[in-house]
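**Q** Below is one structure. I have some questions about it.
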Amino acid sequence: MFNLRFALTHNRRSQLLIALLIVMMLLLAGCFGGGDSSSAGDSGTTADTAEESAAEPVAGEEEATEKEAAAEEEAMPKEEAQTTEAMANTLCGLGTGEAATGEPINVGAVVGATGPDDFSSAAKGAAAYFNCVNANGGINGRPINYIVEDDGWDPEQAAQVAAKLVNDDKVVALVGNTSFVECAANAQLYEDENVIVITGVGVPRECFYSANIAPTNQGPRLSNLGVIQYAYETYGARKFACMAPNVPGMAEWICDGLAAWGADKGVTIEPVFFDPATMDPTSLILQAVSSEPDAITISTPAGVAIPLFGAAEEQDLRDKYHWLGPTSLYDLDFPAAVGSYWDGYLDAEIELVNTDSTSPDNQAWLQILDEYGTPDDPRDSFSQAGFLAAKIFVATALELDPASLDRDTVTEALRGVTNFKTDLMCGSWYFGPDLDTHNANHAGRIVSQVDGGWETITDCFEIEDPDLAPILDMEAQGGLID
Amino acid sequence: MPNLSPFFVTGLAVGAIYALSGVGLVVLYRASGVLNFAYGAIGAVGALLAWQLLQYELPETLAWLAGIGLATLLSLGYGRMVAPHLAYRDTVVKAVATLGFALVLLGFSRWYWSDDPRQFAIPTDTIGVSMLGVRVTVTRMIAFSMTLLITIGVALFLTRTRLGLLMRALANNRDLSALLGIQVLQVETWAWFISGVLAGISGLMLSDLVRLDAIVLTFMVIPAMAAAVVGRLRSLWGTMIGGLLIGVLEAVATPFQVISPYRSVAPFVVAIIVILWLQRRRVITFAGGT
């Protein structure tokens, strides 16, 4: 023991040297990344796990926002900066240019920020919109206090945070949720407590088949159906491998949907379900190609799909099959991450308008993110979905008497939303009264990876799914959409 | 019956990296008594640094060496600054402390490198030959042959060199070794160094073969630990066979639809079967004897 202690004291200098070297290595990475937005500042996870309040930013956030604003002012002439802000202000809420100072309205969101992937960009899109609304008169003078909670991709945690939002924070609604687990965990709570959820990105089946939840996105089943219907028409593909992570309520729902649609069209579906934490992507790709399909659809978040495309590249398979994916692959960093090998060989369906569209609502989304979000907020389809959810909520709440605005009045008003027009979607959005199925977004476009980016290659088209029958019947009766 | 040979071939490469990681764990455990749960996280931070430097267009060799260097420094840093203070605690306490270190590194990685899609590739990924119905890249060949060579090298090092002898002495009886004048801390430092280098190499190879993701790489320690258990935390050859077995079992389970979604349990299945096999003739009694 004495020897050890002596040795420890004796070796303090070497300990300090090691510590110094580690710090230097990390500083090296930081220094090199000084001008690169994708490095040190590109975190987001820590902010996601904490509560975000659009009405009352915490001190650190305020400081960061001030610094960013100062940096932006330096970068552009003052007059131009003021013009941009003024333009963004006209795009949200009352557009008064004056901050709301009344009693805050609590609005919640449950997102899967920490877990296999950071799945929280919808809430960031919604937060930017709410920030803009608060700076422009709020909901008839009342600011929105947007409280975002992280479910960590854990159903138990999802239930806990939803109970906190609904029972303790008394939120009037939840807006911009994005989660793989929370719909199944909380659908009953939302119904029991009469609270409506305008989900940004619903993933499993329960997000589309619950009384009080209505997403603005299509969901992975429709998105996959969209892209295989494109491959069916364009490439004449008849046999598909359907790769999906075995998340409850997701993998079978997606692949069964493809099979149900193709049953009378001579289409066969070979499901390949896998654990997203699996360590060997090559085996999964080998399994997918073993059935000799015409096309392979990979239905995972972008981060999980990359090694699968890497394994397919390793086997040099791009020419042998058509490679397809749902909206989750439509990430602007994705083409660079998978590399130019896939240029011209990968098609994906997008649930909302392409992110570089010049349409008014899409430009508003981009401007408001620039002005009221942070540079690190993703500019992706899921952010658009959260932004749209927030826009629907605000438009609805503005119609209510601010003095009597509470959960009951908001729930009733949101249930009555019909024919909400936006160029972010191919069609109009509605909640769908007295219906346990909510899937207003059922038309999309196809994009293809071209020259290290995405290019939109089709106009809007209706996606076919036998399960949409009750929704289409409802729409046909009139009153929901034009 | 599906054709299993392509899965067998592809499983060998990933299994080889499990084996390499397992060897790194065993070397450290034998010398210091520390079961290093931070092994995967150390490799992850090294790989992420290498990726970061490649984004700044630094030469590949430099980026790889920096990644392995950082992993080695992290291993050494823990080995010199934290591990000696726990030298006389139970093995479980030492192991749990490394779990804490793993969580610190994982938290740092998730904060510093966000979840943006990224890929780590090395040039040998594009060169390959067809073998048993699958294209085997040079990277996979390197992974397999490197594991074989490193295992042989480490085995020779432990049996033929003075430092290896000292490590084995420490593994046998730490207090007695100290009384005999062995520089315990110095020998342990070498073990942390070797383990750190192997963690760095494993992190880089798995980033290429599997995924550059802090969580995935951190939990790579599980199959590595299972491989080490197959080697009873002593035998390098046992560990290597264990790693290969886990990799191959995981891969060949893929075409069987019933078990395919659950194939990530392969490390546990292999470890449990081996543990049961090794103690097959022992009788466990309530008195604690065997």
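Starting from 1 in every chain, residues are counted up; chains themselves are A, B, ... following the order of the structure tokens, and ligands are numbered from 1 as listed.
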Considering only C-alpha atoms, return as an MDAnalysis selection string whatever protein or nucleic-acid residues lie within 10 Å of Pro335 in chain A, sequence-local ones (same chain, fewer than 2 positions apart) excluded.
**A** (chainID A and resid 306 329:333 337:343 346 448:454) or (chainID B and resid 117:118)
**Q** So which residues touch range 38-45 of chain B within 7 Å, counting only C-alpha atoms, skipping near sequence neighbours fewer than 4 positions away, as a VMD selection string?
**A** chain B and resid 49 71 74 98 to 99 101 to 102 105 to 106 109 199 to 200 202 to 203 214 217 to 221
**Q** Could you save those same residues with N, CA and C atoms as a JSON list (two decimals), in the first residue's frame?
**A**
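Below you can see part-v8.json, which holds the result:
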[["chain", "number", "residue", "atom", "x", "y", "z"],
["B", 49, "LEU", "N", -13.30, 11.16, -33.04],
["B", 49, "LEU", "CA", -12.25, 12.17, -33.27],
["B", 49, "LEU", "C", -11.64, 11.96, -34.67],
["B", 71, "ALA", "N", -7.87, 7.37, -27.82],
["B", 71, "ALA", "CA", -8.37, 6.20, -27.07],
["B", 71, "ALA", "C", -7.31, 5.73, -26.08],
["B", 74, "LEU", "N", -7.11, 8.20, -23.17],
["B", 74, "LEU", "CA", -8.26, 8.07, -22.26],
["B", 74, "LEU", "C", -8.08, 6.84, -21.37],
["B", 98, "THR", "N", -15.74, 1.72, -13.88],
["B", 98, "THR", "CA", -15.49, 1.91, -15.33],
["B", 98, "THR", "C", -16.80, 2.15, -16.07],
["B", 99, "LEU", "N", -17.89, 1.59, -15.52],
["B", 99, "LEU", "CA", -19.20, 1.84, -16.13],
["B", 99, "LEU", "C", -19.52, 3.34, -16.02],
["B", 101, "PHE", "N", -17.31, 5.70, -15.94],
["B", 101, "PHE", "CA", -16.45, 6.36, -16.93],
["B", 101, "PHE", "C", -17.07, 6.24, -18.33],
["B", 102, "ALA", "N", -17.64, 5.04, -18.61],
["B", 102, "ALA", "CA", -18.29, 4.83, -19.91],
["B", 102, "ALA", "C", -19.43, 5.83, -20.10],
["B", 105, "LEU", "N", -18.09, 9.29, -20.87],
["B", 105, "LEU", "CA", -17.63, 9.39, -22.26],
["B", 105, "LEU", "C", -18.80, 9.39, -23.24],
["B", 106, "LEU", "N", -19.80, 8.55, -22.95],
["B", 106, "LEU", "CA", -20.98, 8.48, -23.82],
["B", 106, "LEU", "C", -21.71, 9.83, -23.82],
["B", 109, "SER", "N", -19.73, 12.30, -25.82],
["B", 109, "SER", "CA", -19.82, 12.05, -27.27],
["B", 109, "SER", "C", -21.16, 12.53, -27.82],
["B", 199, "ALA", "N", -8.52, -0.79, -27.95],
["B", 199, "ALA", "CA", -9.86, -0.16, -27.96],
["B", 199, "ALA", "C", -9.95, 0.82, -29.13],
["B", 200, "GLY", "N", -8.88, 1.57, -29.35],
["B", 200, "GLY", "CA", -8.87, 2.53, -30.46],
["B", 200, "GLY", "C", -9.01, 1.85, -31.81],
["B", 202, "SER", "N", -10.20, -1.20, -32.37],
["B", 202, "SER", "CA", -11.53, -1.84, -32.45],
["B", 202, "SER", "C", -12.59, -0.80, -32.79],
["B", 203, "GLY", "N", -12.50, 0.38, -32.16],
["B", 203, "GLY", "CA", -13.47, 1.45, -32.41],
["B", 203, "GLY", "C", -13.47, 1.87, -33.87],
["B", 214, "ALA", "N", -22.04, 6.68, -31.25],
["B", 214, "ALA", "CA", -21.48, 6.55, -29.91],
["B", 214, "ALA", "C", -22.15, 5.44, -29.11],
["B", 217, "LEU", "N", -21.24, 1.86, -30.51],
["B", 217, "LEU", "CA", -19.85, 1.50, -30.22],
["B", 217, "LEU", "C", -19.63, 1.29, -28.73],
["B", 218, "THR", "N", -20.31, 2.09, -27.90],
["B", 218, "THR", "CA", -20.17, 1.92, -26.45],
["B", 218, "THR", "C", -20.64, 0.54, -26.02],
["B", 219, "PHE", "N", -21.76, 0.10, -26.60],
["B", 219, "PHE", "CA", -22.30, -1.19, -26.21],
["B", 219, "PHE", "C", -21.64, -2.37, -26.93],
["B", 220, "MET", "N", -20.67, -2.06, -27.77],
["B", 220, "MET", "CA", -19.85, -3.10, -28.36],
["B", 220, "MET", "C", -19.13, -3.89, -27.27],
["B", 221, "VAL", "N", -19.03, -3.28, -26.08],
["B", 221, "VAL", "CA", -18.34, -3.94, -24.98],
["B", 221, "VAL", "C", -19.09, -5.22, -24.56]]
**Q** Residues of chain B no more than 8 Å from chain A, counting only C-alpha atoms: send them over as a PyMOL selection string.
**A** chain B and resi 6-7+10-11+14+49+52-53+56+66+70+73-74+76-77+80-81+84+110-119+125-126+134-137+178+184-185+209-211+215-216+250-252+254-255+257+260-264
**Q** Limited to C-alpha atoms, could you put the picked residues into a file as a compact mmCIF listing (two decimals), in the first residue's frame?
**A**
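Ended up saving to again.txt:
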# COMPACT_ATOMS: atom_id res chain seq x y z
CA PRO B 6 -22.25 -15.86 -47.10
CA PHE B 7 -23.47 -15.20 -43.56
CA THR B 10 -19.51 -11.89 -43.10
CA GLY B 11 -19.89 -12.94 -39.46
CA VAL B 14 -17.40 -8.66 -37.10
CA LEU B 49 -12.25 12.17 -33.27
CA GLN B 52 -13.94 14.75 -37.14
CA LEU B 53 -10.37 15.21 -38.33
CA TYR B 56 -11.26 18.87 -41.74
CA ALA B 66 -5.10 10.57 -33.63
CA LEU B 70 -6.96 9.63 -27.99
CA LEU B 73 -4.76 8.52 -23.67
CA LEU B 74 -8.26 8.07 -22.26
CA LEU B 76 -4.12 5.67 -19.69
CA GLY B 77 -5.80 8.64 -18.04
CA ARG B 80 -3.36 6.33 -13.86
CA MET B 81 -5.77 8.75 -12.25
CA PRO B 84 -5.07 3.11 -8.62
CA ARG B 110 -23.56 12.63 -27.54
CA TRP B 111 -23.13 16.27 -26.54
CA TYR B 112 -20.11 17.03 -28.71
CA TRP B 113 -21.05 15.00 -31.78
CA SER B 114 -24.76 15.28 -32.44
CA ASP B 115 -26.93 12.63 -34.07
CA ASP B 116 -26.35 13.81 -37.63
CA PRO B 117 -26.00 10.96 -40.10
CA ARG B 118 -22.32 10.20 -40.67
CA GLN B 119 -20.25 7.43 -42.10
CA ASP B 125 -13.79 -0.92 -48.29
CA THR B 126 -13.92 -0.63 -52.07
CA VAL B 134 -20.41 -12.77 -50.78
CA ARG B 135 -18.01 -9.97 -51.61
CA VAL B 136 -15.29 -9.87 -48.97
CA THR B 137 -13.60 -6.51 -48.77
CA ALA B 178 4.48 -5.80 -4.90
CA VAL B 184 2.83 -2.49 -9.80
CA LEU B 185 1.69 0.85 -11.16
CA LEU B 209 -17.89 -2.36 -40.40
CA VAL B 210 -20.95 -1.52 -38.28
CA ARG B 211 -21.82 2.12 -37.60
CA ILE B 215 -24.18 4.33 -28.42
CA VAL B 216 -23.62 1.38 -30.76
CA GLU B 250 -25.21 -13.56 -34.97
CA ALA B 251 -24.76 -13.60 -38.74
CA VAL B 252 -26.01 -17.12 -39.53
CA THR B 254 -30.12 -13.76 -39.92
CA PRO B 255 -31.87 -15.82 -42.63
CA GLN B 257 -37.08 -15.30 -39.84
CA SER B 260 -33.55 -13.15 -36.82
CA PRO B 261 -35.04 -10.16 -34.92
CA TYR B 262 -33.54 -11.54 -31.70
CA ARG B 263 -30.07 -12.38 -32.94
CA SER B 264 -28.47 -9.65 -30.83
**Q** Please give the complete set of residues from range 131-283 of chain B that DSSP, run on the backbone, assigns to helix (DSSP H, G or I), formatted as an NGL selection string.
**A** :B and (138-160 or 162-172 or 174-179 or 184-209 or 214-218 or 221-230 or 236-252 or 260-278)
**Q** Neighbouring residues of range 252-258 of chain A were defined as those with any atom within 6 Å, considering only C-alpha atoms; residues of the same chain fewer than 3 positions away were excluded. Please report them as a list of chain:residue names.
**A** A:Arg221, A:Leu225, A:Cys242, A:Trp261
**Q** Where in range 121-282 of chain B does DSSP assign strand (DSSP E), given as a PyMOL selection string?
**A** chain B and resi 128-131+134-137
**Q** Could you take the residues named above and write them with C-alpha atoms, as a compact mmCIF listing (two decimals), in the first residue's frame?
**A**
# COMPACT_ATOMS: atom_id res chain seq x y z
CA GLY B 128 -12.69 -6.99 -52.46
CA VAL B 129 -13.05 -10.49 -53.83
CA SER B 130 -16.05 -12.79 -54.12
CA MET B 131 -15.98 -15.71 -51.75
CA VAL B 134 -20.41 -12.77 -50.78
CA ARG B 135 -18.01 -9.97 -51.61
CA VAL B 136 -15.29 -9.87 -48.97
CA THR B 137 -13.60 -6.51 -48.77
**Q** When you look at Gly243 in chain B with a cut-off of 9 Å (counting only C-alpha atoms), what residues show up, excluding the ones that are within fewer than 6 positions of it in the same chain? I need them as number ranges by chain.
**A** B: 12, 14-22, 223-224, 226-228, 230, 267
**Q** Output C-alpha atoms for every residue in that selection, as a compact mmCIF listing (two decimals), in the first residue's frame.
**A**
# COMPACT_ATOMS: atom_id res chain seq x y z
CA LEU B 12 -16.20 -13.79 -39.23
CA VAL B 14 -17.40 -8.66 -37.10
CA GLY B 15 -16.60 -11.61 -34.83
CA ALA B 16 -12.91 -10.88 -35.31
CA ILE B 17 -13.39 -7.36 -33.94
CA TYR B 18 -15.38 -8.72 -30.99
CA ALA B 19 -12.42 -11.05 -30.43
CA LEU B 20 -9.91 -8.21 -30.68
CA SER B 21 -11.90 -6.19 -28.15
CA GLY B 22 -12.13 -9.23 -25.91
CA PRO B 223 -20.15 -9.01 -27.13
CA ALA B 224 -16.49 -8.28 -26.27
CA ALA B 226 -19.01 -12.27 -23.67
CA ALA B 227 -15.99 -13.25 -25.77
CA ALA B 228 -13.76 -12.65 -22.73
CA VAL B 230 -15.69 -17.62 -23.13
CA PRO B 267 -23.36 -12.89 -27.03
**Q** Looking at B:Thr61, B:Thr124, B:Gln186, B:Thr151, which one is nearest to Val138 in chain B, with distances taken over only C-alpha atoms?
**A**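 Nearest to Val138 in chain B: B:Thr124.
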**Q** Point out the residue among B:Arg30, B:Ala47, B:Asn3, B:Val9 with the least atom-to-atom distance to Gly231 in chain B, counting only C-alpha atoms.
**A**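 Closest to Gly231 in chain B, using only C-alpha atoms: B:Arg30.
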**Q** Which one is closest to Leu278 in chain B: B:Arg168, B:Thr159, B:Met240, B:Val229? Count only C-alpha atoms.
**A**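 When distances to Leu278 in chain B are compared using only C-alpha atoms, the smallest one comes from B:Val229.
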**Q** Tell me, in Å to one decimal, how far CA of Val203 in chain A is from CA of Met250 in chain A.
**A**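 Separation between CA of Val203 in chain A and CA of Met250 in chain A: 7.1 Å.
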**Q** Nearest residue to Gly141 in chain A out of A:Thr96, A:Ser328, A:Ser121, A:Thr418, using only C-alpha atoms?
**A**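 Among the listed residues, the smallest separation from Gly141 in chain A belongs to A:Thr96.
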